[in-house]
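Containing compact mmCIF, C-alpha atoms: protein.txt.
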```
# COMPACT_ATOMS: atom_id res chain seq x y z
CA MET A 1 -41.00 10.73 7.01
CA SER A 2 -37.70 10.57 5.24
CA LEU A 3 -36.26 7.17 4.48
CA PHE A 4 -33.30 7.79 6.77
CA ARG A 5 -35.57 8.57 9.71
CA THR A 6 -37.71 5.52 8.96
CA ILE A 7 -34.64 3.28 9.04
CA LEU A 8 -33.40 4.99 12.21
CA PHE A 9 -36.67 4.61 14.14
CA VAL A 10 -37.33 1.03 13.03
CA ALA A 11 -33.74 0.03 13.87
CA ALA A 12 -33.82 1.79 17.24
CA LEU A 13 -37.05 0.13 18.36
CA ALA A 14 -36.09 -3.30 17.03
CA GLY A 15 -32.64 -2.91 18.64
CA ILE A 16 -34.14 -1.99 22.00
CA GLY A 17 -36.58 -4.92 21.89
CA ALA A 18 -34.11 -7.55 20.77
CA GLY A 19 -31.35 -6.05 22.91
CA LEU A 20 -33.38 -6.15 26.13
CA VAL A 21 -34.50 -9.74 25.58
CA GLY A 22 -31.04 -10.73 24.32
CA SER A 23 -29.23 -9.21 27.29
CA ALA A 24 -31.63 -10.93 29.70
CA ILE A 25 -30.79 -14.26 28.06
CA HIS A 26 -27.06 -13.47 28.16
CA LEU A 27 -27.12 -12.46 31.82
CA PHE A 28 -28.58 -15.85 32.73
CA THR A 29 -26.63 -18.02 30.29
CA THR A 30 -23.36 -16.74 28.80
CA VAL A 31 -22.30 -14.19 31.44
CA PRO A 32 -22.11 -16.70 34.32
CA LEU A 33 -19.90 -18.89 32.09
CA ILE A 34 -17.66 -15.89 31.31
CA LEU A 35 -17.29 -15.23 35.04
CA ALA A 36 -16.50 -18.90 35.63
CA ALA A 37 -13.87 -18.81 32.90
CA GLU A 38 -12.20 -15.75 34.42
CA THR A 39 -11.29 -17.81 37.47
CA PHE A 40 -8.96 -19.73 35.15
CA GLU A 41 -7.26 -16.60 33.88
CA GLY A 42 -3.65 -16.48 34.93
CA ALA A 43 -3.89 -20.12 35.99
CA GLY A 44 -2.59 -21.60 32.76
CA GLU A 45 -0.34 -20.03 30.21
CA ALA A 46 -2.63 -17.11 29.60
CA PRO A 47 -2.21 -15.92 26.05
CA ALA A 48 -0.29 -12.68 25.96
CA LEU A 49 -1.21 -10.97 22.74
CA ALA A 50 1.54 -8.87 21.33
CA THR A 51 -0.49 -5.97 20.08
CA THR A 52 -3.42 -5.39 22.38
CA ASP A 53 -2.82 -6.16 25.98
CA ALA A 54 -5.88 -4.26 27.06
CA HIS A 55 -7.06 -7.18 29.08
CA GLU A 56 -4.58 -8.56 31.52
CA HIS A 57 -5.47 -10.21 34.74
CA ALA A 58 -2.80 -10.48 37.36
CA PRO A 59 -2.58 -14.02 38.69
CA GLY A 60 -4.42 -14.58 41.91
CA THR A 61 -6.55 -11.47 41.79
CA ALA A 62 -10.31 -11.60 41.91
CA ALA A 63 -12.05 -12.06 38.61
CA HIS A 64 -11.85 -8.98 36.49
CA SER A 65 -9.82 -6.56 38.49
CA HIS A 66 -7.71 -4.65 36.05
CA ASP A 67 -4.52 -2.70 36.27
CA GLU A 68 -4.99 0.46 38.20
CA GLU A 69 -4.60 2.81 35.29
CA GLU A 70 -7.21 0.90 33.28
CA TRP A 71 -10.80 1.69 33.96
CA GLY A 72 -13.19 -1.23 34.15
CA PRO A 73 -16.70 -1.63 35.48
CA ALA A 74 -17.23 -2.97 38.99
CA ASP A 75 -18.60 -6.49 39.10
CA GLY A 76 -22.33 -6.77 39.65
CA LEU A 77 -24.75 -4.00 38.84
CA GLU A 78 -22.33 -1.76 36.94
CA ARG A 79 -20.86 -4.55 34.83
CA ASN A 80 -24.23 -6.15 34.06
CA GLY A 81 -25.83 -2.76 33.42
CA LEU A 82 -23.20 -2.10 30.76
CA THR A 83 -23.93 -5.51 29.25
CA ILE A 84 -27.59 -4.51 28.88
CA VAL A 85 -26.71 -1.09 27.41
CA PHE A 86 -24.21 -2.49 24.92
CA THR A 87 -26.41 -5.40 23.89
CA VAL A 88 -29.13 -2.86 23.04
CA LEU A 89 -26.54 -0.80 21.12
CA THR A 90 -25.40 -3.95 19.31
CA GLY A 91 -29.04 -4.60 18.41
CA PHE A 92 -29.36 -1.05 17.10
CA GLY A 93 -26.22 -1.44 14.98
CA PHE A 94 -27.24 -4.81 13.54
CA ALA A 95 -30.78 -3.54 12.93
CA LEU A 96 -29.44 -0.51 11.04
CA LEU A 97 -27.54 -2.85 8.71
CA LEU A 98 -30.49 -5.23 8.35
CA VAL A 99 -33.06 -2.52 7.66
CA ALA A 100 -30.72 -0.59 5.34
CA ALA A 101 -30.01 -3.73 3.32
CA SER A 102 -33.70 -4.59 3.13
CA GLU A 103 -34.48 -1.06 1.90
CA VAL A 104 -32.27 -1.73 -1.12
CA MET A 105 -34.71 -4.52 -1.97
CA GLY A 106 -37.75 -2.26 -1.45
CA GLY A 107 -38.28 -2.48 2.30
CA LEU A 108 -39.65 -5.10 4.68
CA LYS A 109 -43.34 -5.87 4.13
CA GLY A 110 -44.12 -7.52 7.46
CA TRP A 111 -42.92 -9.58 10.41
CA HIS A 112 -42.57 -12.79 8.41
CA GLN A 113 -40.30 -11.28 5.81
CA GLY A 114 -38.36 -9.58 8.60
CA LEU A 115 -37.91 -12.91 10.32
CA LEU A 116 -36.33 -14.38 7.18
CA TRP A 117 -33.94 -11.41 7.04
CA GLY A 118 -33.19 -12.05 10.69
CA LEU A 119 -32.29 -15.65 9.89
CA ALA A 120 -29.96 -14.39 7.18
CA GLY A 121 -28.39 -12.01 9.72
CA PHE A 122 -27.90 -14.92 12.11
CA ALA A 123 -26.20 -16.92 9.36
CA ALA A 124 -23.98 -14.02 8.27
CA PHE A 125 -23.03 -12.56 11.66
CA THR A 126 -23.03 -15.62 13.94
CA LEU A 127 -22.88 -18.95 12.09
CA ALA A 128 -20.35 -18.10 9.39
CA PRO A 129 -17.73 -16.30 11.52
CA GLY A 130 -18.42 -18.77 14.34
CA LEU A 131 -17.31 -21.71 12.20
CA GLY A 132 -13.76 -20.37 12.02
CA LEU A 133 -13.76 -18.39 15.25
CA PRO A 134 -16.14 -20.09 17.70
CA PRO A 135 -17.41 -18.04 20.64
CA GLU A 136 -14.50 -17.83 22.97
CA LEU A 137 -14.10 -17.50 26.72
CA PRO A 138 -11.56 -15.37 28.57
CA ALA A 139 -8.23 -17.16 29.13
CA MET A 140 -8.56 -19.13 25.89
CA PRO A 141 -5.68 -18.98 23.44
CA ALA A 142 -6.32 -16.93 20.30
CA ALA A 143 -4.48 -15.59 17.31
CA ASP A 144 -3.60 -11.93 16.78
CA LEU A 145 -6.64 -9.75 17.49
CA ALA A 146 -6.40 -7.55 14.39
CA ALA A 147 -6.08 -10.61 12.12
CA ARG A 148 -9.14 -12.22 13.70
CA GLN A 149 -11.14 -9.01 13.40
CA ALA A 150 -10.20 -8.74 9.72
CA TRP A 151 -11.21 -12.36 9.04
CA TRP A 152 -14.46 -11.87 10.97
CA ILE A 153 -15.41 -8.77 8.96
CA ALA A 154 -14.43 -10.33 5.63
CA THR A 155 -16.39 -13.50 6.44
CA VAL A 156 -19.51 -11.54 7.40
CA ALA A 157 -19.29 -9.48 4.20
CA ALA A 158 -18.72 -12.53 1.98
CA THR A 159 -21.55 -14.48 3.61
CA ALA A 160 -24.01 -11.59 3.41
CA GLY A 161 -23.07 -10.97 -0.22
CA GLY A 162 -23.31 -14.68 -1.02
CA LEU A 163 -26.74 -15.00 0.59
CA ALA A 164 -27.94 -11.94 -1.35
CA LEU A 165 -26.74 -13.47 -4.63
CA ILE A 166 -28.53 -16.73 -3.82
CA ALA A 167 -31.74 -15.03 -2.68
CA PHE A 168 -31.99 -12.29 -5.29
CA GLY A 169 -29.80 -13.47 -8.16
CA ARG A 170 -31.88 -14.62 -11.08
CA SER A 171 -29.47 -17.10 -12.61
CA PRO A 172 -27.81 -20.36 -11.54
CA LEU A 173 -24.47 -18.72 -12.23
CA LEU A 174 -25.12 -16.00 -9.65
CA ALA A 175 -26.31 -18.61 -7.15
CA ALA A 176 -23.11 -20.61 -7.71
CA LEU A 177 -21.09 -17.44 -7.22
CA GLY A 178 -22.98 -16.87 -3.97
CA VAL A 179 -22.12 -20.36 -2.74
CA ALA A 180 -18.47 -19.82 -3.64
CA LEU A 181 -18.43 -16.51 -1.74
CA ILE A 182 -19.86 -18.17 1.37
CA VAL A 183 -17.39 -21.06 1.25
CA ALA A 184 -14.29 -18.98 0.39
CA PRO A 185 -13.46 -17.59 3.89
CA HIS A 186 -13.48 -21.13 5.28
CA VAL A 187 -11.21 -22.41 2.52
CA ILE A 188 -8.80 -19.59 3.39
CA GLY A 189 -9.28 -20.37 7.07
CA ALA A 190 -9.52 -18.24 10.18
CA PRO A 191 -6.40 -17.13 12.04
CA GLN A 192 -5.67 -19.77 14.65
CA PRO A 193 -3.47 -19.64 17.77
CA GLU A 194 -0.16 -21.47 17.74
CA SER A 195 -1.51 -23.86 20.32
CA HIS A 196 -5.05 -24.70 21.29
CA GLU A 197 -3.97 -25.77 24.75
CA SER A 198 -6.29 -23.99 27.14
CA PRO A 199 -6.84 -23.82 30.88
CA ILE A 200 -10.59 -23.72 30.21
CA PRO A 201 -12.31 -27.12 30.62
CA GLU A 202 -13.75 -28.43 27.36
CA ALA A 203 -17.20 -28.84 28.91
CA LEU A 204 -17.29 -25.19 30.02
CA HIS A 205 -16.37 -23.99 26.55
CA HIS A 206 -18.92 -26.26 24.91
CA SER A 207 -21.68 -24.96 27.17
CA PHE A 208 -20.62 -21.43 26.29
CA VAL A 209 -20.70 -22.04 22.53
CA VAL A 210 -24.20 -23.53 22.77
CA ALA A 211 -25.44 -20.68 24.98
CA SER A 212 -23.88 -17.96 22.80
CA VAL A 213 -25.19 -19.33 19.49
CA GLY A 214 -28.60 -20.03 21.00
CA ALA A 215 -28.90 -16.54 22.45
CA SER A 216 -27.79 -15.08 19.14
CA PHE A 217 -30.45 -17.08 17.29
CA VAL A 218 -33.26 -15.73 19.51
CA PHE A 219 -31.77 -12.23 19.25
CA TRP A 220 -31.69 -12.26 15.44
CA VAL A 221 -35.13 -13.80 14.98
CA LEU A 222 -36.56 -11.16 17.30
CA LEU A 223 -34.56 -8.35 15.67
CA GLY A 224 -35.71 -9.28 12.16
CA GLY A 225 -39.28 -10.01 13.17
CA LEU A 226 -39.61 -6.72 15.05
CA ALA A 227 -38.02 -4.72 12.22
CA GLY A 228 -40.36 -6.33 9.69
CA TRP A 229 -43.39 -5.68 11.86
CA LEU A 230 -42.43 -2.05 12.52
CA ARG A 231 -41.29 -1.04 9.04
CA PRO A 232 -44.73 -0.76 7.35
CA ARG A 233 -46.06 1.14 10.37
CA PHE A 234 -43.42 3.83 10.04
CA ALA A 235 -43.42 4.02 6.27
CA ALA A 236 -47.20 4.18 5.97
CA PRO A 237 -48.65 7.55 4.95
CA SER A 238 -48.65 9.70 8.04
CA ALA A 239 -49.00 13.31 8.98
CA MET B 1 -43.01 15.65 5.30
CA GLN B 2 -44.07 14.26 2.01
CA ASN B 3 -46.80 11.70 1.67
CA ARG B 4 -45.70 8.22 0.88
CA ALA B 5 -47.42 6.21 -1.79
CA GLY B 6 -47.37 3.12 0.37
CA ALA B 7 -45.10 0.73 2.15
CA THR B 8 -43.03 0.15 -0.95
CA ALA B 9 -40.29 2.40 -2.20
CA ALA B 10 -41.51 5.96 -2.19
CA SER B 11 -42.05 7.26 -5.65
CA HIS B 12 -41.20 10.75 -4.47
CA ASP B 13 -37.70 9.90 -3.42
CA SER B 14 -35.23 9.97 -6.20
CA LEU B 15 -32.95 6.98 -6.56
CA ALA B 16 -29.96 9.10 -5.61
CA SER B 17 -31.65 10.38 -2.48
CA ARG B 18 -32.63 6.85 -1.43
CA THR B 19 -29.10 5.61 -2.06
CA VAL B 20 -27.59 8.35 0.08
CA GLN B 21 -30.03 7.79 2.95
CA ILE B 22 -29.61 4.00 2.93
CA THR B 23 -25.84 4.37 2.81
CA LEU B 24 -25.83 6.83 5.72
CA ALA B 25 -27.97 4.49 7.83
CA ALA B 26 -25.68 1.55 7.07
CA LEU B 27 -22.58 3.61 7.89
CA LEU B 28 -24.14 4.59 11.22
CA GLY B 29 -24.68 0.88 11.89
CA VAL B 30 -21.05 0.10 11.06
CA PHE B 31 -19.94 2.94 13.34
CA VAL B 32 -22.05 1.70 16.27
CA LEU B 33 -20.90 -1.92 15.85
CA GLY B 34 -17.30 -0.81 15.43
CA GLY B 35 -17.50 1.03 18.74
CA VAL B 36 -19.11 -1.82 20.66
CA GLY B 37 -17.42 -4.81 19.09
CA PHE B 38 -14.09 -3.72 17.63
CA SER B 39 -12.65 -0.76 19.52
CA HIS B 40 -9.08 -1.21 20.71
CA ILE B 41 -9.48 1.52 23.34
CA SER B 42 -8.92 -0.12 26.71
CA ALA B 43 -11.78 1.50 28.63
CA VAL B 44 -14.24 0.73 25.82
CA HIS B 45 -12.99 -2.84 25.69
CA ASN B 46 -13.47 -3.28 29.43
CA ALA B 47 -16.95 -1.80 29.34
CA THR B 48 -18.06 -3.99 26.44
CA HIS B 49 -16.08 -7.06 27.52
CA ASP B 50 -18.94 -9.41 28.34
CA VAL B 51 -20.98 -8.34 25.31
CA ARG B 52 -18.03 -9.03 23.02
CA HIS B 53 -17.48 -12.50 24.44
CA ALA B 54 -21.18 -13.34 24.58
CA ASN B 55 -21.71 -12.27 20.96
CA ALA B 56 -18.48 -13.86 19.74
CA PHE B 57 -16.89 -10.65 18.53
CA PRO B 58 -13.13 -11.27 18.37
CA CYS B 59 -11.83 -10.27 21.81
CA HIS B 60 -8.53 -10.07 23.72
```
Could you express the structure from this file as structure tokens?
Amino acid sequence: MSLFRTILFVAALAGIGAGLVGSAIHLFTTVPLILAAETFEGAGEAPALATTDAHEHAPGTAAHSHDEEEWGPADGLERNGLTIVFTVLTGFGFALLLVAASEVMGGLKGWHQGLLWGLAGFAAFTLAPGLGLPPELPAMPAADLAARQAWWIATVAATAGGLALIAFGRSPLLAALGVALIVAPHVIGAPQPESHESPIPEALHHSFVVASVGASFVFWVLLGGLAGWLRPRFAAPSA
Amino acid sequence: MQNRAGATAASHDSLASRTVQITLAALLGVFVLGGVGFSHISAVHNATHDVRHANAFPCH
């Protein structure tokens, strides 16, 4: 089997496994909090982002009814079904990156090594960007979307690169460079809104941050572990 | 399909071939994540809304 197909199959199966479990956790933990937060939308000074107003809620309308010209899923089965589908797709995407990166280092040897890569993925994709841009509920104030996306991507890249230098660099200098790379995005700082005043109760947001990070941790451990367990099975000599 | 020498890097694959295949797989991953987590298209945003929030992708 070609290397590309090996990566594809391992990532698809790991993504499906971690995505199904992850979406189940989300549907019982984070999603109810998102729905609760949407009842506050339009109540306070809802942040009107200049560039992307793809997500406006008219005051007083039921949670998540969008402008007529904008398509959106119906609450319930359709909306939650999409959450399952896109969590699996997210798992596939993250697994592609994880497995591709591990192939550079010779490929995952088993579930335990995969689990460590999963922990690194959790650090790079959840912990590091989450320090500057914590998981956020609807109706919360936020800085310009494009600026936040740029900071998020740069932070993930710097953290992943820094971790690689620490893990695989063979000199203290490289390790120090890795540490500097990981710290740098936080010295620069994430784009912040002009005001943090929010209609969302602090307790609701705190519960959401805990639920989101916790779900992400289980997701990444499972994703890495599954990928590591599957990789030798696909790469082994086969007809 | 060629036989693989084992679970480690295949000796048959040239370095260039491995590099291309790994890069393609990673690009596919970036493409998938870009679609789910970063698209500015309104319908895509609405469909992925809860996943974006739940996974702390920058949203809104």
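Checking A:Ala142, A:Ile84, A:Val179, A:Val99 one by one against Leu115 in chain A, counting all atoms listed in the file, you find the shortest gap at A:Val99.
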ask   = Excluding same-chain residues fewer than 2 positions from Leu116 in chain A, what lies within 8 Å of it counting only C-alpha atoms, as a PyMOL selection string?
value = chain A and resi 112-114+118-120+221+224-225
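Across the model, the gap from CA of Arg170 in chain A to CA of Gly228 in chain A is 23.9 Å.
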key: Which residue of A:Leu20, A:Val10, A:Leu98, A:Ile188 approaches Leu27 in chain B most closely, using all atoms listed in the file   = A:Leu98
Using all atoms listed in the file, what table do you get, as a Markdown table, when you list each residue of range 105-191 of chain A with an atom no more than 10 Å from range 35-43 of chain B, its nearest pair of atoms, and their distance in Å rounded to one decimal, rows by chain then rising number?
```
| residue | atom | partner | partner_atom | distance |
| --- | --- | --- | --- | --- |
| A:Leu145 | CA | B:His40 | CA | 9.4 |
| A:Ala146 | CA | B:Phe38 | CA | 9.2 |
| A:Gln149 | CA | B:Phe38 | CA | 7.4 |
```
message = Show me, as a PyMOL selection string, the residues that have an atom within 12 Å of Pro58 in chain B when counting all atoms listed in the file, minus same-chain residues fewer than 4 positions from it.
response = (chain A and resi 126+129-130+132-138+140-153+190-192) or (chain B and resi 34+36-40+45+48-54)
If you keep C-alpha atoms, can you produce a file of those selected residues as a short mmCIF file (atom, residue, chain, number, x, y, z; two decimals), in the frame of the given file?
```cif
data_model
loop_
_atom_site.label_atom_id
_atom_site.label_comp_id
_atom_site.auth_asym_id
_atom_site.auth_seq_id
_atom_site.Cartn_x
_atom_site.Cartn_y
_atom_site.Cartn_z
CA THR A 126 -23.03 -15.62 13.94
CA PRO A 129 -17.73 -16.30 11.52
CA GLY A 130 -18.42 -18.77 14.34
CA GLY A 132 -13.76 -20.37 12.02
CA LEU A 133 -13.76 -18.39 15.25
CA PRO A 134 -16.14 -20.09 17.70
CA PRO A 135 -17.41 -18.04 20.64
CA GLU A 136 -14.50 -17.83 22.97
CA LEU A 137 -14.10 -17.50 26.72
CA PRO A 138 -11.56 -15.37 28.57
CA MET A 140 -8.56 -19.13 25.89
CA PRO A 141 -5.68 -18.98 23.44
CA ALA A 142 -6.32 -16.93 20.30
CA ALA A 143 -4.48 -15.59 17.31
CA ASP A 144 -3.60 -11.93 16.78
CA LEU A 145 -6.64 -9.75 17.49
CA ALA A 146 -6.40 -7.55 14.39
CA ALA A 147 -6.08 -10.61 12.12
CA ARG A 148 -9.14 -12.22 13.70
CA GLN A 149 -11.14 -9.01 13.40
CA ALA A 150 -10.20 -8.74 9.72
CA TRP A 151 -11.21 -12.36 9.04
CA TRP A 152 -14.46 -11.87 10.97
CA ILE A 153 -15.41 -8.77 8.96
CA ALA A 190 -9.52 -18.24 10.18
CA PRO A 191 -6.40 -17.13 12.04
CA GLN A 192 -5.67 -19.77 14.65
CA GLY B 34 -17.30 -0.81 15.43
CA VAL B 36 -19.11 -1.82 20.66
CA GLY B 37 -17.42 -4.81 19.09
CA PHE B 38 -14.09 -3.72 17.63
CA SER B 39 -12.65 -0.76 19.52
CA HIS B 40 -9.08 -1.21 20.71
CA HIS B 45 -12.99 -2.84 25.69
CA THR B 48 -18.06 -3.99 26.44
CA HIS B 49 -16.08 -7.06 27.52
CA ASP B 50 -18.94 -9.41 28.34
CA VAL B 51 -20.98 -8.34 25.31
CA ARG B 52 -18.03 -9.03 23.02
CA HIS B 53 -17.48 -12.50 24.44
CA ALA B 54 -21.18 -13.34 24.58
#
```
request  = Between A:Ser216, A:Thr159, A:Ser195, A:Thr90, single out the one closest to Gly15 in chain A, counting all atoms listed in the file.
outcome  = A:Thr90
request  = Grab the CA of Thr87 in chain A to CA of Phe9 in chain A distance for me, in Å with one decimal place.
outcome  = 17.3 Å
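Between CA of Phe208 in chain A and CA of Gly72 in chain A lies a distance of 22.9 Å.
Across A:Ala24, A:Gly93, A:Ala139, A:Ala123, the tightest approach to His60 in chain B is made by A:Ala139 when counting only C-alpha atoms.
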request  = Extract, using only C-alpha atoms, all DNA, RNA and protein residues at most 9 Å from Ala47 in chain B, discarding same-chain residues fewer than 6 positions from it, and format them as a VMD selection string.
outcome  = (chain A and resid 71 to 73 79 82 to 83 86) or (chain B and resid 36)
Please produce range 21-53 of chain B, completed to N, CA and C atoms, as a PDB file, keeping the file's coordinate frame.
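Output (result03.pdb):
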```pdb
ATOM      1  N   GLN B  21     -29.447   8.013   1.620  1.00  0.00           N
ATOM      2  CA  GLN B  21     -30.030   7.790   2.950  1.00  0.00           C
ATOM      3  C   GLN B  21     -29.773   6.366   3.440  1.00  0.00           C
ATOM      4  N   ILE B  22     -29.886   5.390   2.534  1.00  0.00           N
ATOM      5  CA  ILE B  22     -29.610   4.000   2.930  1.00  0.00           C
ATOM      6  C   ILE B  22     -28.142   3.850   3.318  1.00  0.00           C
ATOM      7  N   THR B  23     -27.269   4.467   2.530  1.00  0.00           N
ATOM      8  CA  THR B  23     -25.840   4.370   2.810  1.00  0.00           C
ATOM      9  C   THR B  23     -25.496   5.002   4.157  1.00  0.00           C
ATOM     10  N   LEU B  24     -26.084   6.161   4.443  1.00  0.00           N
ATOM     11  CA  LEU B  24     -25.830   6.830   5.720  1.00  0.00           C
ATOM     12  C   LEU B  24     -26.281   5.960   6.890  1.00  0.00           C
ATOM     13  N   ALA B  25     -27.462   5.348   6.754  1.00  0.00           N
ATOM     14  CA  ALA B  25     -27.970   4.490   7.830  1.00  0.00           C
ATOM     15  C   ALA B  25     -27.039   3.298   8.039  1.00  0.00           C
ATOM     16  N   ALA B  26     -26.583   2.696   6.952  1.00  0.00           N
ATOM     17  CA  ALA B  26     -25.680   1.550   7.070  1.00  0.00           C
ATOM     18  C   ALA B  26     -24.350   1.958   7.694  1.00  0.00           C
ATOM     19  N   LEU B  27     -23.847   3.136   7.317  1.00  0.00           N
ATOM     20  CA  LEU B  27     -22.580   3.610   7.890  1.00  0.00           C
ATOM     21  C   LEU B  27     -22.723   3.854   9.394  1.00  0.00           C
ATOM     22  N   LEU B  28     -23.882   4.395   9.789  1.00  0.00           N
ATOM     23  CA  LEU B  28     -24.140   4.590  11.220  1.00  0.00           C
ATOM     24  C   LEU B  28     -24.106   3.235  11.942  1.00  0.00           C
ATOM     25  N   GLY B  29     -24.697   2.222  11.313  1.00  0.00           N
ATOM     26  CA  GLY B  29     -24.680   0.880  11.890  1.00  0.00           C
ATOM     27  C   GLY B  29     -23.260   0.358  12.032  1.00  0.00           C
ATOM     28  N   VAL B  30     -22.442   0.545  11.011  1.00  0.00           N
ATOM     29  CA  VAL B  30     -21.050   0.100  11.060  1.00  0.00           C
ATOM     30  C   VAL B  30     -20.305   0.837  12.175  1.00  0.00           C
ATOM     31  N   PHE B  31     -20.593   2.133  12.311  1.00  0.00           N
ATOM     32  CA  PHE B  31     -19.940   2.940  13.340  1.00  0.00           C
ATOM     33  C   PHE B  31     -20.299   2.442  14.741  1.00  0.00           C
ATOM     34  N   VAL B  32     -21.591   2.177  14.960  1.00  0.00           N
ATOM     35  CA  VAL B  32     -22.050   1.700  16.270  1.00  0.00           C
ATOM     36  C   VAL B  32     -21.422   0.340  16.597  1.00  0.00           C
ATOM     37  N   LEU B  33     -21.457  -0.576  15.618  1.00  0.00           N
ATOM     38  CA  LEU B  33     -20.900  -1.920  15.850  1.00  0.00           C
ATOM     39  C   LEU B  33     -19.388  -1.862  16.028  1.00  0.00           C
ATOM     40  N   GLY B  34     -18.752  -0.972  15.288  1.00  0.00           N
ATOM     41  CA  GLY B  34     -17.300  -0.810  15.430  1.00  0.00           C
ATOM     42  C   GLY B  34     -16.946  -0.367  16.834  1.00  0.00           C
ATOM     43  N   GLY B  35     -17.749   0.551  17.389  1.00  0.00           N
ATOM     44  CA  GLY B  35     -17.500   1.030  18.740  1.00  0.00           C
ATOM     45  C   GLY B  35     -17.703  -0.047  19.780  1.00  0.00           C
ATOM     46  N   VAL B  36     -18.789  -0.806  19.645  1.00  0.00           N
ATOM     47  CA  VAL B  36     -19.110  -1.820  20.660  1.00  0.00           C
ATOM     48  C   VAL B  36     -18.203  -3.044  20.513  1.00  0.00           C
ATOM     49  N   GLY B  37     -18.035  -3.505  19.280  1.00  0.00           N
ATOM     50  CA  GLY B  37     -17.420  -4.810  19.090  1.00  0.00           C
ATOM     51  C   GLY B  37     -15.950  -4.807  18.708  1.00  0.00           C
ATOM     52  N   PHE B  38     -15.426  -3.666  18.234  1.00  0.00           N
ATOM     53  CA  PHE B  38     -14.090  -3.720  17.630  1.00  0.00           C
ATOM     54  C   PHE B  38     -13.107  -2.688  18.148  1.00  0.00           C
ATOM     55  N   SER B  39     -13.547  -1.815  19.056  1.00  0.00           N
ATOM     56  CA  SER B  39     -12.650  -0.760  19.520  1.00  0.00           C
ATOM     57  C   SER B  39     -11.454  -1.341  20.256  1.00  0.00           C
ATOM     58  N   HIS B  40     -10.284  -0.784  20.001  1.00  0.00           N
ATOM     59  CA  HIS B  40      -9.080  -1.210  20.710  1.00  0.00           C
ATOM     60  C   HIS B  40      -8.800  -0.334  21.928  1.00  0.00           C
ATOM     61  N   ILE B  41      -9.672   0.662  22.176  1.00  0.00           N
ATOM     62  CA  ILE B  41      -9.480   1.520  23.340  1.00  0.00           C
ATOM     63  C   ILE B  41      -9.771   0.715  24.604  1.00  0.00           C
ATOM     64  N   SER B  42      -8.859   0.766  25.547  1.00  0.00           N
ATOM     65  CA  SER B  42      -8.920  -0.120  26.710  1.00  0.00           C
ATOM     66  C   SER B  42     -10.209   0.036  27.510  1.00  0.00           C
ATOM     67  N   ALA B  43     -10.581   1.280  27.808  1.00  0.00           N
ATOM     68  CA  ALA B  43     -11.780   1.500  28.630  1.00  0.00           C
ATOM     69  C   ALA B  43     -13.029   0.990  27.912  1.00  0.00           C
ATOM     70  N   VAL B  44     -13.087   1.209  26.592  1.00  0.00           N
ATOM     71  CA  VAL B  44     -14.240   0.730  25.820  1.00  0.00           C
ATOM     72  C   VAL B  44     -14.261  -0.799  25.834  1.00  0.00           C
ATOM     73  N   HIS B  45     -13.076  -1.385  25.660  1.00  0.00           N
ATOM     74  CA  HIS B  45     -12.990  -2.840  25.690  1.00  0.00           C
ATOM     75  C   HIS B  45     -13.492  -3.393  27.027  1.00  0.00           C
ATOM     76  N   ASN B  46     -13.072  -2.772  28.119  1.00  0.00           N
ATOM     77  CA  ASN B  46     -13.470  -3.280  29.430  1.00  0.00           C
ATOM     78  C   ASN B  46     -14.967  -3.120  29.661  1.00  0.00           C
ATOM     79  N   ALA B  47     -15.524  -2.026  29.160  1.00  0.00           N
ATOM     80  CA  ALA B  47     -16.950  -1.800  29.340  1.00  0.00           C
ATOM     81  C   ALA B  47     -17.783  -2.791  28.531  1.00  0.00           C
ATOM     82  N   THR B  48     -17.291  -3.131  27.337  1.00  0.00           N
ATOM     83  CA  THR B  48     -18.060  -3.990  26.440  1.00  0.00           C
ATOM     84  C   THR B  48     -17.627  -5.453  26.537  1.00  0.00           C
ATOM     85  N   HIS B  49     -16.727  -5.753  27.469  1.00  0.00           N
ATOM     86  CA  HIS B  49     -16.080  -7.060  27.520  1.00  0.00           C
ATOM     87  C   HIS B  49     -17.047  -8.246  27.428  1.00  0.00           C
ATOM     88  N   ASP B  50     -18.050  -8.258  28.307  1.00  0.00           N
ATOM     89  CA  ASP B  50     -18.940  -9.410  28.340  1.00  0.00           C
ATOM     90  C   ASP B  50     -19.787  -9.507  27.074  1.00  0.00           C
ATOM     91  N   VAL B  51     -20.173  -8.343  26.534  1.00  0.00           N
ATOM     92  CA  VAL B  51     -20.980  -8.340  25.310  1.00  0.00           C
ATOM     93  C   VAL B  51     -20.154  -8.894  24.148  1.00  0.00           C
ATOM     94  N   ARG B  52     -18.898  -8.518  24.101  1.00  0.00           N
ATOM     95  CA  ARG B  52     -18.030  -9.030  23.020  1.00  0.00           C
ATOM     96  C   ARG B  52     -17.898 -10.553  23.097  1.00  0.00           C
ATOM     97  N   HIS B  53     -17.615 -11.046  24.298  1.00  0.00           N
ATOM     98  CA  HIS B  53     -17.480 -12.500  24.440  1.00  0.00           C
ATOM     99  C   HIS B  53     -18.800 -13.194  24.119  1.00  0.00           C
TER     100      HIS B  53
END
```
